[in-house]
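Enquirer: My structure file final_20.cif, mmCIF, C-alpha atoms, is below:
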```cif
data_upload
#
loop_
_atom_site.label_atom_id
_atom_site.label_comp_id
_atom_site.auth_asym_id
_atom_site.auth_seq_id
_atom_site.Cartn_x
_atom_site.Cartn_y
_atom_site.Cartn_z
CA ASP A 13 152.93 42.18 116.12
CA PRO A 14 155.68 39.69 116.90
CA HIS A 15 154.93 36.02 117.46
CA PRO A 16 154.08 35.35 121.15
CA VAL A 17 157.39 33.52 121.65
CA LEU A 18 159.27 36.58 120.39
CA ALA A 19 157.21 38.87 122.62
CA ASP A 20 158.08 36.95 125.81
CA PRO A 21 161.47 38.18 127.11
CA ALA A 22 162.41 34.85 128.73
CA LYS A 23 161.51 32.85 125.64
CA LEU A 24 163.24 35.36 123.39
CA ALA A 25 166.41 35.06 125.50
CA ALA A 26 166.27 31.26 125.11
CA VAL A 27 165.81 31.64 121.35
CA GLU A 28 168.75 34.04 121.19
CA ARG A 29 170.95 31.55 123.10
CA GLY A 30 169.89 28.83 120.67
CA VAL A 31 170.60 31.15 117.74
CA LEU A 32 174.10 31.83 119.00
CA ALA A 33 174.76 28.10 119.48
CA LEU A 34 173.43 27.27 116.01
CA LEU A 35 175.41 30.06 114.39
CA ALA A 36 178.55 28.95 116.21
CA ALA A 37 177.99 25.44 114.87
CA ALA A 38 177.37 26.73 111.35
CA GLU A 39 180.49 28.88 111.50
CA GLY A 40 182.45 26.19 113.30
CA GLY A 41 183.88 24.80 110.14
CA GLU A 42 183.10 22.64 107.17
CA GLU A 43 182.10 19.64 109.26
CA ALA A 44 179.40 21.56 111.16
CA ARG A 45 178.05 23.16 107.98
CA ALA A 46 178.01 19.78 106.25
CA ALA A 47 176.04 18.27 109.16
CA LEU A 48 173.41 21.02 108.91
CA GLU A 49 173.18 20.53 105.15
CA ARG A 50 172.71 16.77 105.66
CA LEU A 51 169.95 17.52 108.15
CA VAL A 52 167.97 19.59 105.65
CA ARG A 53 168.49 17.05 102.85
CA ILE A 54 167.18 14.29 105.12
CA ALA A 55 164.20 16.44 106.13
CA ALA A 56 163.32 17.13 102.49
CA ARG A 57 163.59 13.45 101.59
CA LEU A 58 161.57 12.23 104.61
CA LEU A 59 158.84 14.79 103.99
CA ASP A 60 158.92 14.21 100.23
CA VAL A 61 159.25 17.93 99.48
CA PRO A 62 161.43 19.68 96.88
CA GLY A 63 163.39 21.72 99.44
CA ALA A 64 164.03 22.28 103.11
CA LEU A 65 165.90 24.82 105.20
CA VAL A 66 166.95 25.73 108.69
CA ASN A 67 166.15 29.31 109.59
CA VAL A 68 167.00 31.15 112.74
CA VAL A 69 164.43 33.77 113.68
CA THR A 70 165.11 36.55 116.16
CA ALA A 71 163.00 39.53 117.14
CA ASP A 72 164.18 41.52 114.12
CA ARG A 73 165.54 39.13 111.47
CA GLN A 74 165.59 35.71 109.89
CA LEU A 75 168.86 34.03 108.96
CA THR A 76 169.03 31.02 106.65
CA VAL A 77 171.60 28.71 108.23
CA ALA A 78 171.31 25.67 105.96
CA CYS A 79 169.24 24.71 102.93
CA ALA A 80 168.87 22.06 100.28
CA GLY A 81 166.71 21.55 97.25
CA ALA A 82 164.64 23.65 94.90
CA GLN A 83 164.21 27.31 95.81
CA ALA A 84 165.28 26.68 99.39
CA GLY A 85 167.46 29.78 99.62
CA THR A 86 171.12 30.42 100.25
CA PRO A 87 172.95 29.88 103.54
CA GLY A 88 173.81 33.21 105.11
CA GLN A 89 170.82 35.08 103.71
CA VAL A 90 169.39 37.55 106.21
CA PHE A 91 165.92 39.07 105.98
CA PRO A 92 164.20 41.70 108.10
CA ILE A 93 161.55 40.00 110.20
CA ALA A 94 158.79 41.76 108.22
CA ASP A 95 159.99 39.95 105.07
CA ALA A 96 160.83 36.65 106.74
CA PHE A 97 159.47 33.38 105.36
CA CYS A 98 158.88 32.13 108.92
CA ARG A 99 156.73 35.15 109.67
CA HIS A 100 153.97 34.07 107.26
CA GLU A 101 151.11 32.01 108.62
#
```
Now, as a test, write the supplied structure out as C-alpha coordinates.
Expert:
Amino acid sequence: DPHPVLADPAKLAAVERGVLALLAAAEGGEEARAALERLVRIAARLLDVPGALVNVVTADRQLTVACAGAQAGTPGQVFPIADAFCRHE
(Lines of atoms letter the chains of each structure in order from A and count residues from 1; the text may use other names and numbers.)
(Lines give C-alpha, C1' and ligand atoms only; values in the text may rest on other atoms or scores of the structure.)
Protein backbone atom coordinates (compact mmCIF):
# COMPACT_ATOMS: atom_id res chain seq x y z
CA ASP A 1 0.00 0.00 0.00
CA PRO A 2 1.27 3.49 -0.75
CA HIS A 3 2.20 5.89 2.02
CA PRO A 4 -0.88 7.89 3.18
CA VAL A 5 0.51 11.07 1.58
CA LEU A 6 0.78 9.27 -1.75
CA ALA A 7 -2.74 7.88 -1.38
CA ASP A 8 -4.32 11.33 -0.90
CA PRO A 9 -4.95 12.90 -4.34
CA ALA A 10 -4.56 16.50 -3.11
CA LYS A 11 -1.33 15.75 -1.27
CA LEU A 12 -0.02 13.71 -4.19
CA ALA A 13 -0.72 16.64 -6.53
CA ALA A 14 1.25 18.94 -4.20
CA VAL A 15 4.12 16.44 -4.13
CA GLU A 16 4.07 16.22 -7.92
CA ARG A 17 4.23 20.03 -8.21
CA GLY A 18 7.16 20.03 -5.80
CA VAL A 19 8.82 17.26 -7.80
CA LEU A 20 8.51 19.24 -11.00
CA ALA A 21 9.95 22.35 -9.34
CA LEU A 22 12.85 20.39 -7.85
CA LEU A 23 13.58 18.64 -11.12
CA ALA A 24 13.47 21.95 -12.97
CA ALA A 25 15.99 23.33 -10.48
CA ALA A 26 18.21 20.25 -10.82
CA GLU A 27 18.06 20.45 -14.60
CA GLY A 28 18.33 24.23 -14.56
CA GLY A 29 22.04 24.20 -14.97
CA GLU A 30 25.27 23.68 -13.15
CA GLU A 31 24.54 26.32 -10.52
CA ALA A 32 21.27 24.68 -9.43
CA ARG A 33 22.85 21.21 -9.34
CA ALA A 34 25.79 22.56 -7.36
CA ALA A 35 23.41 24.14 -4.82
CA LEU A 36 21.62 20.81 -4.31
CA GLU A 37 24.94 19.02 -3.92
CA ARG A 38 26.04 21.60 -1.32
CA LEU A 39 22.78 21.03 0.53
CA VAL A 40 23.37 17.29 0.86
CA ARG A 41 27.02 17.77 1.87
CA ILE A 42 25.93 20.20 4.60
CA ALA A 43 23.23 17.77 5.77
CA ALA A 44 25.74 14.92 6.00
CA ARG A 45 28.21 17.07 7.93
CA LEU A 46 25.60 18.49 10.34
CA LEU A 47 24.16 15.04 11.03
CA ASP A 48 27.62 13.46 11.23
CA VAL A 49 26.70 10.71 8.76
CA PRO A 50 28.78 9.23 5.92
CA GLY A 51 26.30 10.21 3.19
CA ALA A 52 23.14 12.12 2.41
CA LEU A 53 20.82 12.46 -0.54
CA VAL A 54 17.78 14.25 -1.85
CA ASN A 55 15.19 11.89 -3.28
CA VAL A 56 11.96 12.77 -4.99
CA VAL A 57 9.24 10.19 -4.43
CA THR A 58 6.11 9.99 -6.55
CA ALA A 59 3.33 7.42 -6.58
CA ASP A 60 5.35 5.06 -8.76
CA ARG A 61 9.06 5.95 -8.52
CA GLN A 62 11.92 7.44 -6.59
CA LEU A 63 14.43 9.73 -8.27
CA THR A 64 17.78 10.62 -6.69
CA VAL A 65 18.24 14.33 -7.37
CA ALA A 66 21.42 15.02 -5.41
CA CYS A 67 23.77 13.01 -3.23
CA ALA A 68 27.08 13.20 -1.43
CA GLY A 69 29.22 10.83 0.56
CA ALA A 70 29.65 7.11 0.95
CA GLN A 71 27.13 4.90 -0.84
CA ALA A 72 24.70 7.78 -1.26
CA GLY A 73 23.80 6.91 -4.83
CA THR A 74 24.07 8.66 -8.16
CA PRO A 75 22.08 11.71 -9.25
CA GLY A 76 19.54 10.73 -11.87
CA GLN A 77 18.99 7.20 -10.58
CA VAL A 78 15.36 6.15 -10.82
CA PHE A 79 13.84 3.24 -8.90
CA PRO A 80 10.36 1.73 -9.01
CA ILE A 81 8.55 2.66 -5.82
CA ALA A 82 8.61 -0.98 -4.67
CA ASP A 83 12.44 -0.83 -4.64
CA ALA A 84 12.74 2.71 -3.35
CA PHE A 85 14.95 3.51 -0.36
CA CYS A 86 12.33 5.95 0.93
CA ARG A 87 9.70 3.23 0.91
CA HIS A 88 11.39 1.28 3.73
CA GLU A 89 10.30 1.95 7.28
Enquirer: Would you translate the PyMOL selection byres ((chain A and resi 77) around 7) into the concrete set of residues it matches in this file, as a ChimeraX atom specification?
Expert: /A:38,66-68,75-76,78,87-88
Enquirer: What would the list of residues within 9 Å of (169.7, 40.8, 104.4) (file frame) look like as a ChimeraX atom specification, if all atoms listed in the file are what count?
Expert: /A:73-75,88-92
Enquirer: Taking the file above as input, evaluate the PyMOL selection byres ((chain A and resi 48) around 10) and report the hits as a PyMOL selection string.
Expert: chain A and resi 34+37-38+42-47+49-54+65-66+77-80
Enquirer: If you keep C-alpha atoms, can you produce a file of those selected residues as an mmCIF file, keeping the file's coordinate frame?
Expert:
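Okay, selection_36.cif is ready:
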```
data_model
loop_
_atom_site.group_PDB
_atom_site.id
_atom_site.type_symbol
_atom_site.label_atom_id
_atom_site.label_comp_id
_atom_site.auth_asym_id
_atom_site.auth_seq_id
_atom_site.Cartn_x
_atom_site.Cartn_y
_atom_site.Cartn_z
ATOM 1 C CA LEU A 34 173.430 27.270 116.010
ATOM 2 C CA ALA A 37 177.990 25.440 114.870
ATOM 3 C CA ALA A 38 177.370 26.730 111.350
ATOM 4 C CA GLU A 42 183.100 22.640 107.170
ATOM 5 C CA GLU A 43 182.100 19.640 109.260
ATOM 6 C CA ALA A 44 179.400 21.560 111.160
ATOM 7 C CA ARG A 45 178.050 23.160 107.980
ATOM 8 C CA ALA A 46 178.010 19.780 106.250
ATOM 9 C CA ALA A 47 176.040 18.270 109.160
ATOM 10 C CA GLU A 49 173.180 20.530 105.150
ATOM 11 C CA ARG A 50 172.710 16.770 105.660
ATOM 12 C CA LEU A 51 169.950 17.520 108.150
ATOM 13 C CA VAL A 52 167.970 19.590 105.650
ATOM 14 C CA ARG A 53 168.490 17.050 102.850
ATOM 15 C CA ILE A 54 167.180 14.290 105.120
ATOM 16 C CA LEU A 65 165.900 24.820 105.200
ATOM 17 C CA VAL A 66 166.950 25.730 108.690
ATOM 18 C CA VAL A 77 171.600 28.710 108.230
ATOM 19 C CA ALA A 78 171.310 25.670 105.960
ATOM 20 C CA CYS A 79 169.240 24.710 102.930
ATOM 21 C CA ALA A 80 168.870 22.060 100.280
#
```
Enquirer: Could you work out how far atom CA of Thr70 of chain A lies from atom CA of Pro16 of chain A, giving the answer in Å with one decimal?
Expert: 12.2 Å
Enquirer: Quick one, how far is atom CA of Thr86 of chain A from atom CA of Arg29 of chain A?
Expert: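 Between atom CA of Thr86 of chain A and atom CA of Arg29 of chain A the gap is 22.9 Å.
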Enquirer: Taking every listed atom of segment 65-77 of chain A and adding 3 Å to each side, what centre and edge lengths in Å (one decimal) does the axis-aligned box have, as lines of an AutoDock Vina configuration file?
Expert:
```
center_x = 167.3
center_y = 33.2
center_z = 111.2
size_x = 14.6
size_y = 22.7
size_z = 17.9
```
Enquirer: If you measure from atom CA of Ala64 of chain A to atom CA of Gly81 of chain A, what distance in Å do you get, rounded to one decimal?
Expert: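 Going from atom CA of Ala64 of chain A over to atom CA of Gly81 of chain A, I get 6.5 Å.
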Enquirer: For Glu28 of chain A, find every residue with an atom within 10 Å (counting only C-alpha atoms), except residues of its own chain fewer than 4 positions away, and show them as number ranges by chain.
Expert: A: 18, 22-24, 32-34, 68-71
